[in-house]
Structures are given as structure tokens and as C-alpha cells.
Amino acid sequence: MIYLDHAATTKSDEETIQVMNDATRNFFANPSSLHDPGIAARKRLNVARRNIARYLGTEKQHILFTGTATEAINTVIKGTFFKHPKKTIITSNVEHNATLNACKFVKAQGGHVITLESDATGNMPLDELEKVLNDHTVSLVSLIYANNELGTIIDVAPINELCKKYQAKLHLDMVQGPAHQRIKLDELDIDYASFAAHKFYGPRGVGILYFKAKDTFDSLIHGGRQEHQKRAGTENLAGIVGCEHALGRCYHNIDTWEATIRANAEIFLETLKKNNIDFRLNGPSFSDKRLPSILNIGFKDQDAQIMAFKLNEAGICVSLGSACHSEVIEASHVLQGIRVPEAYIDGSMRLSLSHEETKTDMIKVANTMAELVKSGECKK
């Protein structure tokens, strides 16, 4: 099997799984309990928090654990709205649904949200952003740092500069970042960032919310005093320890891993071109500021759903550039947002790579896709 859906979920290695099993066995007590087993669990939680903060370029007092990145994103957007209900929230039209649907909730509660259109590469036009910041009292700007469908990496510095100029907080959905870059949160000097362990070879069920100051957003989950008194609930210690271990692996191996990914992405694109089929790379060019691990390919006049099914039969796992809603196929809002031509949008799919594939794997994938196009089996 050739698994090319790492932007959805990555696979934990055996050592990470073992670390989690050991934590379940050895630190079984509630970290809030005051007896010796509880204190031991609390100490292990503190170590994990400190190490995760270090890997992300910040301090442990700025790290809050959630159940998912979706929860972290919802916490920032809804928590900011609850804190400042009369102010405007800004986002873009190429965000993950966690952001877009949280913003829909805010609008349904009477809040004001402005969704700006990105350019053809998935980047935010700075002049449009500044115009809205100037015309409205804005509490929060929430944007995706590395687009999960396109690989586009936004230029944070000028956006952050505008947010500071107009006294708006900046939140970045950084879910796709840690598996491919060393994140330096304190250097970025943003207000919030969201992460998910299962995107960097850790377990599902662990999200991370970075916050610069905890008095700038309201809590969503109430109960005990866990997580800086901002997110109640007994901590998922085994999952957090697994997250710590997986993030450390990324941090220490990222240069070698990324070199492999870039080389494999390049050979894949070269092989597709050699097959003389009509396709396009959706979003930024390969030489632009982007993650080489995410390749959104549009095949002209092809049906991506049929192609993905046939690729799966051939042992190749990819993600569609479209989503199913109530048995109706709708083009991805991200691809619509960057105005992918109609002839290519229905034939678009996402390949998301890891360091584990080989050049041989990627040549096979490209040739298999080309054969399917040439055969006419996937034609619309």
C-alpha cells in the first residue's frame, strides 16, 4: 500500500505507541489527585508540556491541551466572540471547515464575521485585509498558516504587523506545520495557534492551543480547574505523552525528512509531465512558498472520485479534492476559492506525502494516474 493522505492523519511509529502504553500503565492516576500516584501523573504531564512547548518555540505556560485542533480553533474563535461580542472577526474563504463553521456559529449568534477572498495561490491580499481592519473594530483575524488542501504557506509577518497596527489578535491554524517545519512561536509573536498531534505522527485525540495571554478569550468547557483554568476535564495523559514523543521525532528529523519529501514530490511531478497528460498543480507553483508535501493535482475533464476509487484498488490511497454532502458531490470550497478552472476542478485530488515513501513509489503513482487518464476510465 502507498498511503498518500498524511494531511488527514499520519501513522504513529511503534516507539510512540509503546511510550503511550507505558504512560497508560505507569501514570494511571488522575493528575489532579493529591496522592502519590496523582502527583506522579502531574509531574509527567508537566514534563510533556514543557517539552512540547520547547519543540514549538515557546514556554509551557502558553500551552493548553484540547481534544482536537478543531476544539482549539473553536475555543479561539468562539472564546474571542464571547469576550468581545460587538467586534468583528476576519477569516478567509480557503480555511479549514473547523474555522469556517465556527465563524458560521458566531454569525448565527449575531456576531459579525467578514470572510475575505484569497488570491489564486491561497494567500491573503494585504490591501483587502488592511481595508477591513481600518473600517471595522476587529477582535480577531483567524487564518490557516499552511493550507491543508493546497500547501500554501502564508507570509505571517506583514499580516501580524497589520493586526498589531489595528489592535486585532491573530490566530493561525498551524495544524500542517510541525510535521514539516520547526515552529518558533515566540519569534512569530502571534496571539494564538492551533495544532493536532495526529498530523505529526502522534495519536488522535490530542490538540494543542498556544495562547500568548489567557485573559483574551473565554472558556468553552467548564468544570474543574485544569489547563490554566481555561479547559476543564481530566487530561489525556497517555495521548499527551505520545504527542510529546512524536513532536520530538519531527523536531529532530525534519531536515532529512523534508529533503526526502521534496525530492519525491519533484520526481512525481516530472513523471506526470513525461506522460503528456493534461493536468495542473492547483495553488502555488512548486517553487513558491509552500509545503512540498501537499500536491493538489487537477486532471482535465476527469472524475476524481472514479480515479480515487481505482487508485485505491491499486493500493494507492489519496484524498479527493471534493467532499460528499447528502449524496451530492460538491467541489472543494478551497478550490472554488482560488478559482480553479471548471475543466479541472472535478478532476482534482490531493496527495499528501511523508518521509516514508520512495522515489519508486512516487513514479508508480504518477504512471498509474497517467494510465487511468489515457484509458478514458475516469473521463467525466
# chains A, B, ... in the order shown; residues from 1 in each chain; ligands from 1

$ residues_around --residues "Ser319 (chain A)" --least-positions-apart "2" --cutoff "12 Å" --atoms "only C-alpha atoms" --output "ChimeraX atom specification"
/A:3-9,148-149,294-297,304-309,311-312,316-317,321-323,332,347-353

$ write_last_selection --atoms "N, CA, C and O atoms" --output "tab-separated table (two decimals), in the first residue's frame"
chain	number	residue	atom	x	y	z
A	3	TYR	N	0.41	5.01	0.95
A	3	TYR	CA	-0.52	5.88	1.67
A	3	TYR	C	-0.11	7.33	1.45
A	3	TYR	O	0.96	7.76	1.88
A	4	LEU	N	-0.96	8.10	0.76
A	4	LEU	CA	-0.67	9.49	0.45
A	4	LEU	C	-1.79	10.40	0.96
A	4	LEU	O	-2.30	11.26	0.24
A	5	ASP	N	-2.16	10.19	2.22
A	5	ASP	CA	-3.19	11.00	2.85
A	5	ASP	C	-2.73	11.49	4.22
A	5	ASP	O	-3.49	11.54	5.18
A	6	HIS	N	-1.45	11.86	4.31
A	6	HIS	CA	-0.87	12.27	5.59
A	6	HIS	C	-1.39	13.61	6.08
A	6	HIS	O	-1.30	13.90	7.28
A	7	ALA	N	-1.93	14.45	5.20
A	7	ALA	CA	-2.51	15.71	5.65
A	7	ALA	C	-3.80	15.48	6.41
A	7	ALA	O	-4.26	16.35	7.15
A	8	ALA	N	-4.39	14.29	6.24
A	8	ALA	CA	-5.59	13.93	7.00
A	8	ALA	C	-5.20	13.32	8.34
A	8	ALA	O	-5.65	13.76	9.40
A	9	THR	N	-4.35	12.29	8.30
A	9	THR	CA	-3.86	11.65	9.52
A	9	THR	C	-2.56	10.92	9.20
A	9	THR	O	-2.46	10.26	8.17
A	148	ASN	N	-4.25	23.11	4.10
A	148	ASN	CA	-4.33	21.65	4.13
A	148	ASN	C	-4.68	21.04	2.78
A	148	ASN	O	-4.48	19.85	2.56
A	149	GLU	N	-5.20	21.84	1.84
A	149	GLU	CA	-5.52	21.31	0.52
A	149	GLU	C	-4.52	21.73	-0.54
A	149	GLU	O	-4.32	21.04	-1.54
A	294	ILE	N	2.25	18.61	0.11
A	294	ILE	CA	0.86	18.64	-0.32
A	294	ILE	C	0.80	19.02	-1.79
A	294	ILE	O	1.19	20.12	-2.18
A	295	LEU	N	0.31	18.09	-2.61
A	295	LEU	CA	0.19	18.29	-4.05
A	295	LEU	C	-1.27	18.12	-4.44
A	295	LEU	O	-1.81	17.02	-4.35
A	296	ASN	N	-1.91	19.21	-4.84
A	296	ASN	CA	-3.29	19.14	-5.29
A	296	ASN	C	-3.27	19.16	-6.82
A	296	ASN	O	-2.93	20.17	-7.43
A	297	ILE	N	-3.61	18.02	-7.41
A	297	ILE	CA	-3.48	17.84	-8.86
A	297	ILE	C	-4.86	17.82	-9.50
A	297	ILE	O	-5.74	17.07	-9.08
A	304	ALA	N	-12.53	12.79	-10.43
A	304	ALA	CA	-11.58	12.44	-9.37
A	304	ALA	C	-12.12	11.33	-8.47
A	304	ALA	O	-11.34	10.53	-7.94
A	305	GLN	N	-13.43	11.27	-8.31
A	305	GLN	CA	-13.99	10.23	-7.45
A	305	GLN	C	-13.74	8.84	-8.04
A	305	GLN	O	-13.34	7.91	-7.34
A	306	ILE	N	-13.94	8.72	-9.35
A	306	ILE	CA	-13.69	7.44	-10.01
A	306	ILE	C	-12.20	7.10	-9.94
A	306	ILE	O	-11.81	5.97	-9.64
A	307	MET	N	-11.35	8.11	-10.20
A	307	MET	CA	-9.91	7.86	-10.18
A	307	MET	C	-9.44	7.45	-8.79
A	307	MET	O	-8.63	6.52	-8.65
A	308	ALA	N	-9.94	8.11	-7.75
A	308	ALA	CA	-9.55	7.76	-6.38
A	308	ALA	C	-9.96	6.33	-6.05
A	308	ALA	O	-9.22	5.59	-5.39
A	309	PHE	N	-11.13	5.91	-6.52
A	309	PHE	CA	-11.60	4.54	-6.29
A	309	PHE	C	-10.68	3.53	-6.97
A	309	PHE	O	-10.28	2.52	-6.38
A	311	LEU	N	-7.54	4.06	-7.91
A	311	LEU	CA	-6.24	4.11	-7.25
A	311	LEU	C	-6.25	3.27	-5.98
A	311	LEU	O	-5.28	2.56	-5.68
A	312	ASN	N	-7.34	3.34	-5.25
A	312	ASN	CA	-7.46	2.54	-4.03
A	312	ASN	C	-7.40	1.05	-4.37
A	312	ASN	O	-6.77	0.26	-3.65
A	316	ILE	N	-3.24	2.46	-3.74
A	316	ILE	CA	-2.76	3.83	-3.60
A	316	ILE	C	-3.85	4.67	-2.94
A	316	ILE	O	-4.97	4.78	-3.46
A	317	CYS	N	-3.55	5.24	-1.79
A	317	CYS	CA	-4.55	5.99	-1.01
A	317	CYS	C	-4.32	7.49	-1.18
A	317	CYS	O	-3.27	8.02	-0.82
A	321	GLY	N	-10.35	16.04	-3.98
A	321	GLY	CA	-10.47	17.50	-3.90
A	321	GLY	C	-11.92	17.92	-3.87
A	321	GLY	O	-12.27	19.04	-4.18
A	322	SER	N	-12.80	16.99	-3.52
A	322	SER	CA	-14.22	17.31	-3.38
A	322	SER	C	-14.74	16.58	-2.15
A	322	SER	O	-14.10	15.67	-1.64
A	323	ALA	N	-15.90	16.98	-1.69
A	323	ALA	CA	-16.47	16.36	-0.49
A	323	ALA	C	-17.92	15.98	-0.74
A	323	ALA	O	-18.62	16.61	-1.52
A	332	SER	N	-14.58	21.24	-3.78
A	332	SER	CA	-13.97	21.78	-2.57
A	332	SER	C	-14.10	23.29	-2.53
A	332	SER	O	-13.84	23.98	-3.52
A	347	GLY	N	-11.77	17.02	-11.48
A	347	GLY	CA	-10.73	16.01	-11.58
A	347	GLY	C	-9.57	16.26	-10.64
A	347	GLY	O	-8.46	15.78	-10.88
A	348	SER	N	-9.84	17.01	-9.57
A	348	SER	CA	-8.76	17.39	-8.64
A	348	SER	C	-8.72	16.47	-7.43
A	348	SER	O	-9.77	16.10	-6.88
A	349	MET	N	-7.51	16.12	-7.02
A	349	MET	CA	-7.31	15.31	-5.83
A	349	MET	C	-6.03	15.73	-5.13
A	349	MET	O	-5.14	16.33	-5.74
A	350	ARG	N	-5.97	15.41	-3.85
A	350	ARG	CA	-4.82	15.79	-3.04
A	350	ARG	C	-3.97	14.57	-2.71
A	350	ARG	O	-4.47	13.56	-2.24
A	351	LEU	N	-2.67	14.73	-2.96
A	351	LEU	CA	-1.69	13.76	-2.48
A	351	LEU	C	-0.90	14.44	-1.38
A	351	LEU	O	-0.39	15.56	-1.58
A	352	SER	N	-0.82	13.82	-0.22
A	352	SER	CA	-0.03	14.40	0.87
A	352	SER	C	1.00	13.38	1.33
A	352	SER	O	0.67	12.29	1.77
A	353	LEU	N	2.27	13.77	1.18
A	353	LEU	CA	3.40	12.86	1.32
A	353	LEU	C	3.99	12.88	2.72
A	353	LEU	O	3.83	13.85	3.47

$ closest_atom_pairs --of "region 190-288 of chain A" --to "region 364-380 of chain A" --cutoff "8 Å" --atoms "only C-alpha atoms" --output "Markdown table"
| residue | atom | partner | partner_atom | distance |
| --- | --- | --- | --- | --- |
| A:Phe268 | CA | A:Ala366 | CA | 5.8 |
| A:Leu269 | CA | A:Ala366 | CA | 7.6 |
| A:Thr271 | CA | A:Ala366 | CA | 6.0 |
| A:Leu272 | CA | A:Ala366 | CA | 5.3 |
| A:Asn275 | CA | A:Ala370 | CA | 6.3 |
| A:Ile277 | CA | A:Ala370 | CA | 6.7 |

$ atom_distance --atom1 "CA of Gly233 (chain A)" --atom2 "CA of Gly67 (chain A)"
9.9 Å

$ atom_distance --atom1 "CA of Ser32 (chain A)" --atom2 "CA of Thr234 (chain A)"
7.7 Å

$ select_by_dssp --residues "region 186-297 of chain A" --states "strand (DSSP E)" --output "PyMOL selection string"
chain A and resi 192-196+207-211+279-281+294-297

$ write_last_selection --atoms "C-alpha atoms" --output "short mmCIF file (atom, residue, chain, number, x, y, z; two decimals), in the first residue's frame"
data_model
loop_
_atom_site.label_atom_id
_atom_site.label_comp_id
_atom_site.auth_asym_id
_atom_site.auth_seq_id
_atom_site.Cartn_x
_atom_site.Cartn_y
_atom_site.Cartn_z
CA TYR A 192 -2.89 32.07 19.14
CA ALA A 193 -2.01 28.90 17.21
CA SER A 194 -3.75 25.54 16.91
CA PHE A 195 -2.19 22.10 16.38
CA ALA A 196 -3.19 18.41 16.27
CA GLY A 207 -4.99 19.08 20.27
CA ILE A 208 -2.76 21.95 21.31
CA LEU A 209 -3.75 25.59 21.72
CA TYR A 210 -0.95 28.12 22.02
CA PHE A 211 -2.05 31.38 23.62
CA PHE A 279 -3.07 18.31 -15.60
CA ARG A 280 -2.39 21.30 -13.38
CA LEU A 281 -0.90 21.83 -9.92
CA ILE A 294 0.86 18.64 -0.32
CA LEU A 295 0.19 18.29 -4.05
CA ASN A 296 -3.29 19.14 -5.29
CA ILE A 297 -3.48 17.84 -8.86
#

$ atom_distance --atom1 "CA of Phe200 (chain A)" --atom2 "CA of Asn264 (chain A)"
18.7 Å

$ residues_around --residues "region 96-100 of chain A" --least-positions-apart "6" --cutoff "9 Å" --atoms "only C-alpha atoms" --output "list in words"
Ala69, Thr70, Glu71, Ile73, Asn74, Ile77, Thr115, Ser142, Leu143, Ile144, Asn147, Asn148, Glu149, Asp173 and Val334 of chain A

$ write_last_selection --atoms "C-alpha atoms" --output "PDB file, in the first residue's frame"
ATOM      1  CA  ALA A  69      -7.308  21.034  16.749  1.00  0.00           C
ATOM      2  CA  THR A  70     -10.963  21.637  15.867  1.00  0.00           C
ATOM      3  CA  GLU A  71     -11.634  22.252  19.548  1.00  0.00           C
ATOM      4  CA  ILE A  73      -9.824  26.582  16.778  1.00  0.00           C
ATOM      5  CA  ASN A  74     -13.372  26.745  18.144  1.00  0.00           C
ATOM      6  CA  ILE A  77     -12.964  31.929  17.638  1.00  0.00           C
ATOM      7  CA  THR A 115     -14.692  36.390   5.040  1.00  0.00           C
ATOM      8  CA  SER A 142      -8.073  33.750  12.015  1.00  0.00           C
ATOM      9  CA  LEU A 143      -6.137  32.274   9.077  1.00  0.00           C
ATOM     10  CA  ILE A 144      -4.673  28.942   8.037  1.00  0.00           C
ATOM     11  CA  ASN A 147      -3.253  25.256   3.669  1.00  0.00           C
ATOM     12  CA  ASN A 148      -4.326  21.655   4.125  1.00  0.00           C
ATOM     13  CA  GLU A 149      -5.517  21.312   0.518  1.00  0.00           C
ATOM     14  CA  ASP A 173      -4.387  27.270  12.199  1.00  0.00           C
ATOM     15  CA  VAL A 334     -10.829  25.805  -1.250  1.00  0.00           C
TER      16      VAL A 334
END

$ closest_atom_pairs --of "region 3-111 of chain A" --to "region 240-252 of chain A" --cutoff "12 Å" --atoms "only C-alpha atoms" --output "CSV"
residue,atom,partner,partner_atom,distance
A:Thr10,CA,A:Ala246,CA,10.5
A:Lys11,CA,A:Ala246,CA,10.2
A:Ser12,CA,A:Ala246,CA,7.5
A:Asp13,CA,A:Ala246,CA,8.3
A:Glu14,CA,A:Ala246,CA,10.6
A:Glu15,CA,A:His245,CA,8.5
A:Thr16,CA,A:Gly242,CA,5.6
A:Ile17,CA,A:Gly242,CA,7.0
A:Gln18,CA,A:Gly242,CA,8.7
A:Val19,CA,A:Gly242,CA,6.2
A:Met20,CA,A:Gly242,CA,5.2
A:Asn21,CA,A:Gly242,CA,9.0
A:Asp22,CA,A:Val241,CA,9.6
A:Ala23,CA,A:Val241,CA,7.1
A:Thr24,CA,A:Val241,CA,9.6
A:Asn26,CA,A:Val241,CA,11.9
A:Phe27,CA,A:Val241,CA,10.4
A:Ala41,CA,A:Val241,CA,10.8
A:Arg42,CA,A:Val241,CA,11.9
A:Lys43,CA,A:Val241,CA,11.8
A:Arg44,CA,A:Val241,CA,8.2
A:Leu45,CA,A:Val241,CA,7.5
A:Asn46,CA,A:Val241,CA,10.2
A:Val47,CA,A:Val241,CA,9.0
A:Ala48,CA,A:Glu244,CA,5.7
A:Arg49,CA,A:Glu244,CA,7.8
A:Arg50,CA,A:Glu244,CA,9.3
A:Asn51,CA,A:Glu244,CA,6.7
A:Ile52,CA,A:Glu244,CA,5.5
A:Ala53,CA,A:Glu244,CA,9.3
A:Arg54,CA,A:Gly248,CA,9.5
A:Tyr55,CA,A:Tyr251,CA,6.4
A:Leu56,CA,A:Tyr251,CA,8.7
A:Gly57,CA,A:Tyr251,CA,10.6
A:Ile63,CA,A:Ile240,CA,11.7
A:Leu64,CA,A:Ile240,CA,10.9
A:Phe65,CA,A:Ile240,CA,7.9
A:Thr66,CA,A:Ile240,CA,9.7
A:Gly67,CA,A:Ile240,CA,10.0
A:Thr68,CA,A:Ile240,CA,11.5

$ select_by_dssp --residues "region 76-314 of chain A" --states "alpha helix (DSSP H)" --output "ChimeraX atom specification"
/A:76-83,97-108,126-135,156-165,185-188,226-229,237-274,304-313

$ closest_residue --among "A:Glu342, A:Glu117, A:Asp135, A:Glu357" --to "Val94 (chain A)" --atoms "only C-alpha atoms"
A:Glu117

$ residues_around --residues "Leu162 (chain A)" --least-positions-apart "4" --cutoff "9 Å" --atoms "only C-alpha atoms" --output "PDB file with all heavy atoms, in the first residue's frame"
ATOM      1  N   LEU A 126      -3.076  41.664   1.168  1.00  0.00           N
ATOM      2  CA  LEU A 126      -2.855  42.547   2.317  1.00  0.00           C
ATOM      3  C   LEU A 126      -3.668  43.822   2.238  1.00  0.00           C
ATOM      4  O   LEU A 126      -4.112  44.344   3.266  1.00  0.00           O
ATOM      5  CB  LEU A 126      -1.370  42.866   2.447  1.00  0.00           C
ATOM      6  CG  LEU A 126      -0.456  41.684   2.786  1.00  0.00           C
ATOM      7  CD1 LEU A 126       0.997  42.130   2.804  1.00  0.00           C
ATOM      8  CD2 LEU A 126      -0.833  41.067   4.126  1.00  0.00           C
ATOM      9  N   LEU A 129      -7.134  43.084   3.467  1.00  0.00           N
ATOM     10  CA  LEU A 129      -7.127  42.890   4.913  1.00  0.00           C
ATOM     11  C   LEU A 129      -7.028  44.225   5.636  1.00  0.00           C
ATOM     12  O   LEU A 129      -7.768  44.468   6.599  1.00  0.00           O
ATOM     13  CB  LEU A 129      -5.952  41.992   5.310  1.00  0.00           C
ATOM     14  CG  LEU A 129      -5.734  41.766   6.808  1.00  0.00           C
ATOM     15  CD1 LEU A 129      -6.953  41.115   7.449  1.00  0.00           C
ATOM     16  CD2 LEU A 129      -4.485  40.919   7.049  1.00  0.00           C
ATOM     17  N   GLU A 130      -6.145  45.077   5.184  1.00  0.00           N
ATOM     18  CA  GLU A 130      -5.996  46.372   5.865  1.00  0.00           C
ATOM     19  C   GLU A 130      -7.248  47.222   5.740  1.00  0.00           C
ATOM     20  O   GLU A 130      -7.620  47.926   6.685  1.00  0.00           O
ATOM     21  CB  GLU A 130      -4.795  47.134   5.331  1.00  0.00           C
ATOM     22  CG  GLU A 130      -4.609  48.477   6.050  1.00  0.00           C
ATOM     23  CD  GLU A 130      -3.227  49.053   5.948  1.00  0.00           C
ATOM     24  OE1 GLU A 130      -2.526  48.738   4.969  1.00  0.00           O
ATOM     25  OE2 GLU A 130      -2.844  49.840   6.854  1.00  0.00           O
ATOM     26  N   LEU A 133      -9.625  45.963   8.356  1.00  0.00           N
ATOM     27  CA  LEU A 133      -9.116  46.329   9.679  1.00  0.00           C
ATOM     28  C   LEU A 133      -9.320  47.817   9.954  1.00  0.00           C
ATOM     29  O   LEU A 133      -9.609  48.223  11.084  1.00  0.00           O
ATOM     30  CB  LEU A 133      -7.631  45.986   9.785  1.00  0.00           C
ATOM     31  CG  LEU A 133      -7.291  44.500   9.952  1.00  0.00           C
ATOM     32  CD1 LEU A 133      -5.806  44.250   9.675  1.00  0.00           C
ATOM     33  CD2 LEU A 133      -7.657  44.007  11.343  1.00  0.00           C
ATOM     34  N   ALA A 157       4.480  37.627   8.733  1.00  0.00           N
ATOM     35  CA  ALA A 157       4.997  38.890   9.275  1.00  0.00           C
ATOM     36  C   ALA A 157       4.164  40.110   8.879  1.00  0.00           C
ATOM     37  O   ALA A 157       3.760  40.892   9.755  1.00  0.00           O
ATOM     38  CB  ALA A 157       6.455  39.082   8.877  1.00  0.00           C
ATOM     39  N   PRO A 158       3.863  40.343   7.590  1.00  0.00           N
ATOM     40  CA  PRO A 158       3.066  41.536   7.253  1.00  0.00           C
ATOM     41  C   PRO A 158       1.632  41.469   7.761  1.00  0.00           C
ATOM     42  O   PRO A 158       1.044  42.506   8.100  1.00  0.00           O
ATOM     43  CB  PRO A 158       3.117  41.579   5.725  1.00  0.00           C
ATOM     44  CG  PRO A 158       3.473  40.195   5.299  1.00  0.00           C
ATOM     45  CD  PRO A 158       4.327  39.640   6.380  1.00  0.00           C
ATOM     46  N   TYR A 166      -3.721  47.616  14.093  1.00  0.00           N
ATOM     47  CA  TYR A 166      -5.141  47.887  14.347  1.00  0.00           C
ATOM     48  C   TYR A 166      -5.651  47.187  15.618  1.00  0.00           C
ATOM     49  O   TYR A 166      -6.850  47.069  15.830  1.00  0.00           O
ATOM     50  CB  TYR A 166      -5.972  47.474  13.135  1.00  0.00           C
ATOM     51  CG  TYR A 166      -5.703  48.350  11.930  1.00  0.00           C
ATOM     52  CD1 TYR A 166      -4.796  47.974  10.951  1.00  0.00           C
ATOM     53  CD2 TYR A 166      -6.340  49.577  11.787  1.00  0.00           C
ATOM     54  CE1 TYR A 166      -4.531  48.782   9.851  1.00  0.00           C
ATOM     55  CE2 TYR A 166      -6.094  50.396  10.686  1.00  0.00           C
ATOM     56  CZ  TYR A 166      -5.180  49.995   9.733  1.00  0.00           C
ATOM     57  OH  TYR A 166      -4.934  50.806   8.641  1.00  0.00           O
ATOM     58  N   GLN A 167      -4.744  46.700  16.437  1.00  0.00           N
ATOM     59  CA  GLN A 167      -5.056  46.110  17.745  1.00  0.00           C
ATOM     60  C   GLN A 167      -6.018  44.919  17.650  1.00  0.00           C
ATOM     61  O   GLN A 167      -6.928  44.765  18.465  1.00  0.00           O
ATOM     62  CB  GLN A 167      -5.617  47.188  18.683  1.00  0.00           C
ATOM     63  CG  GLN A 167      -4.617  48.317  18.938  1.00  0.00           C
ATOM     64  CD  GLN A 167      -5.152  49.361  19.901  1.00  0.00           C
ATOM     65  OE1 GLN A 167      -6.330  49.701  19.881  1.00  0.00           O
ATOM     66  NE2 GLN A 167      -4.275  49.870  20.746  1.00  0.00           N
ATOM     67  N   ALA A 168      -5.785  44.090  16.643  1.00  0.00           N
ATOM     68  CA  ALA A 168      -6.547  42.848  16.494  1.00  0.00           C
ATOM     69  C   ALA A 168      -5.637  41.671  16.842  1.00  0.00           C
ATOM     70  O   ALA A 168      -4.428  41.714  16.612  1.00  0.00           O
ATOM     71  CB  ALA A 168      -7.055  42.699  15.060  1.00  0.00           C
TER      72      ALA A 168
END

$ residues_around --residues "Leu140 (chain A)" --least-positions-apart "5" --cutoff "7 Å" --atoms "only C-alpha atoms" --output "PyMOL selection string"
chain A and resi 89-90+168-170

$ write_last_selection --atoms "N, CA and C atoms" --output "short mmCIF file (atom, residue, chain, number, x, y, z; two decimals), in the first residue's frame"
data_model
loop_
_atom_site.label_atom_id
_atom_site.label_comp_id
_atom_site.auth_asym_id
_atom_site.auth_seq_id
_atom_site.Cartn_x
_atom_site.Cartn_y
_atom_site.Cartn_z
N ILE A 89 -14.84 39.67 13.49
CA ILE A 89 -13.85 38.61 13.27
C ILE A 89 -13.60 38.50 11.77
N ILE A 90 -12.34 38.37 11.39
CA ILE A 90 -11.97 38.24 9.98
C ILE A 90 -11.39 36.85 9.73
N ALA A 168 -5.78 44.09 16.64
CA ALA A 168 -6.55 42.85 16.49
C ALA A 168 -5.64 41.67 16.84
N LYS A 169 -6.19 40.62 17.42
CA LYS A 169 -5.43 39.42 17.72
C LYS A 169 -5.33 38.55 16.47
N LEU A 170 -4.22 37.81 16.35
CA LEU A 170 -4.01 36.93 15.20
C LEU A 170 -3.94 35.48 15.66
#

$ closest_residue --among "A:Glu313, A:Arg225, A:Glu258, A:Ala72" --to "Val175 (chain A)" --atoms "only C-alpha atoms"
A:Ala72

$ residues_around --residues "Tyr344 (chain A)" --least-positions-apart "2" --cutoff "7 Å" --atoms "only C-alpha atoms" --output "list in words"
Gly298, Phe299, Lys300, Asp301, Val340, Pro341, Glu342, Asp346, Gly347 and Ser348 of chain A

$ closest_residue --among "A:Gln61, A:Thr256, A:Gln176, A:Asn134" --to "Leu150 (chain A)" --atoms "only C-alpha atoms"
A:Gln176

$ closest_residue --among "A:Glu59, A:Asp218, A:Glu356, A:Glu330" --to "Leu185 (chain A)" --atoms "only C-alpha atoms"
A:Glu59

$ closest_residue --among "A:Lys214, A:Arg262, A:Lys104, A:Lys60" --to "Thr80 (chain A)" --atoms "only C-alpha atoms"
A:Lys214

$ closest_residue --among "A:Lys273, A:Arg290, A:Lys310, A:Lys107" --to "Thr121 (chain A)" --atoms "only C-alpha atoms"
A:Arg290
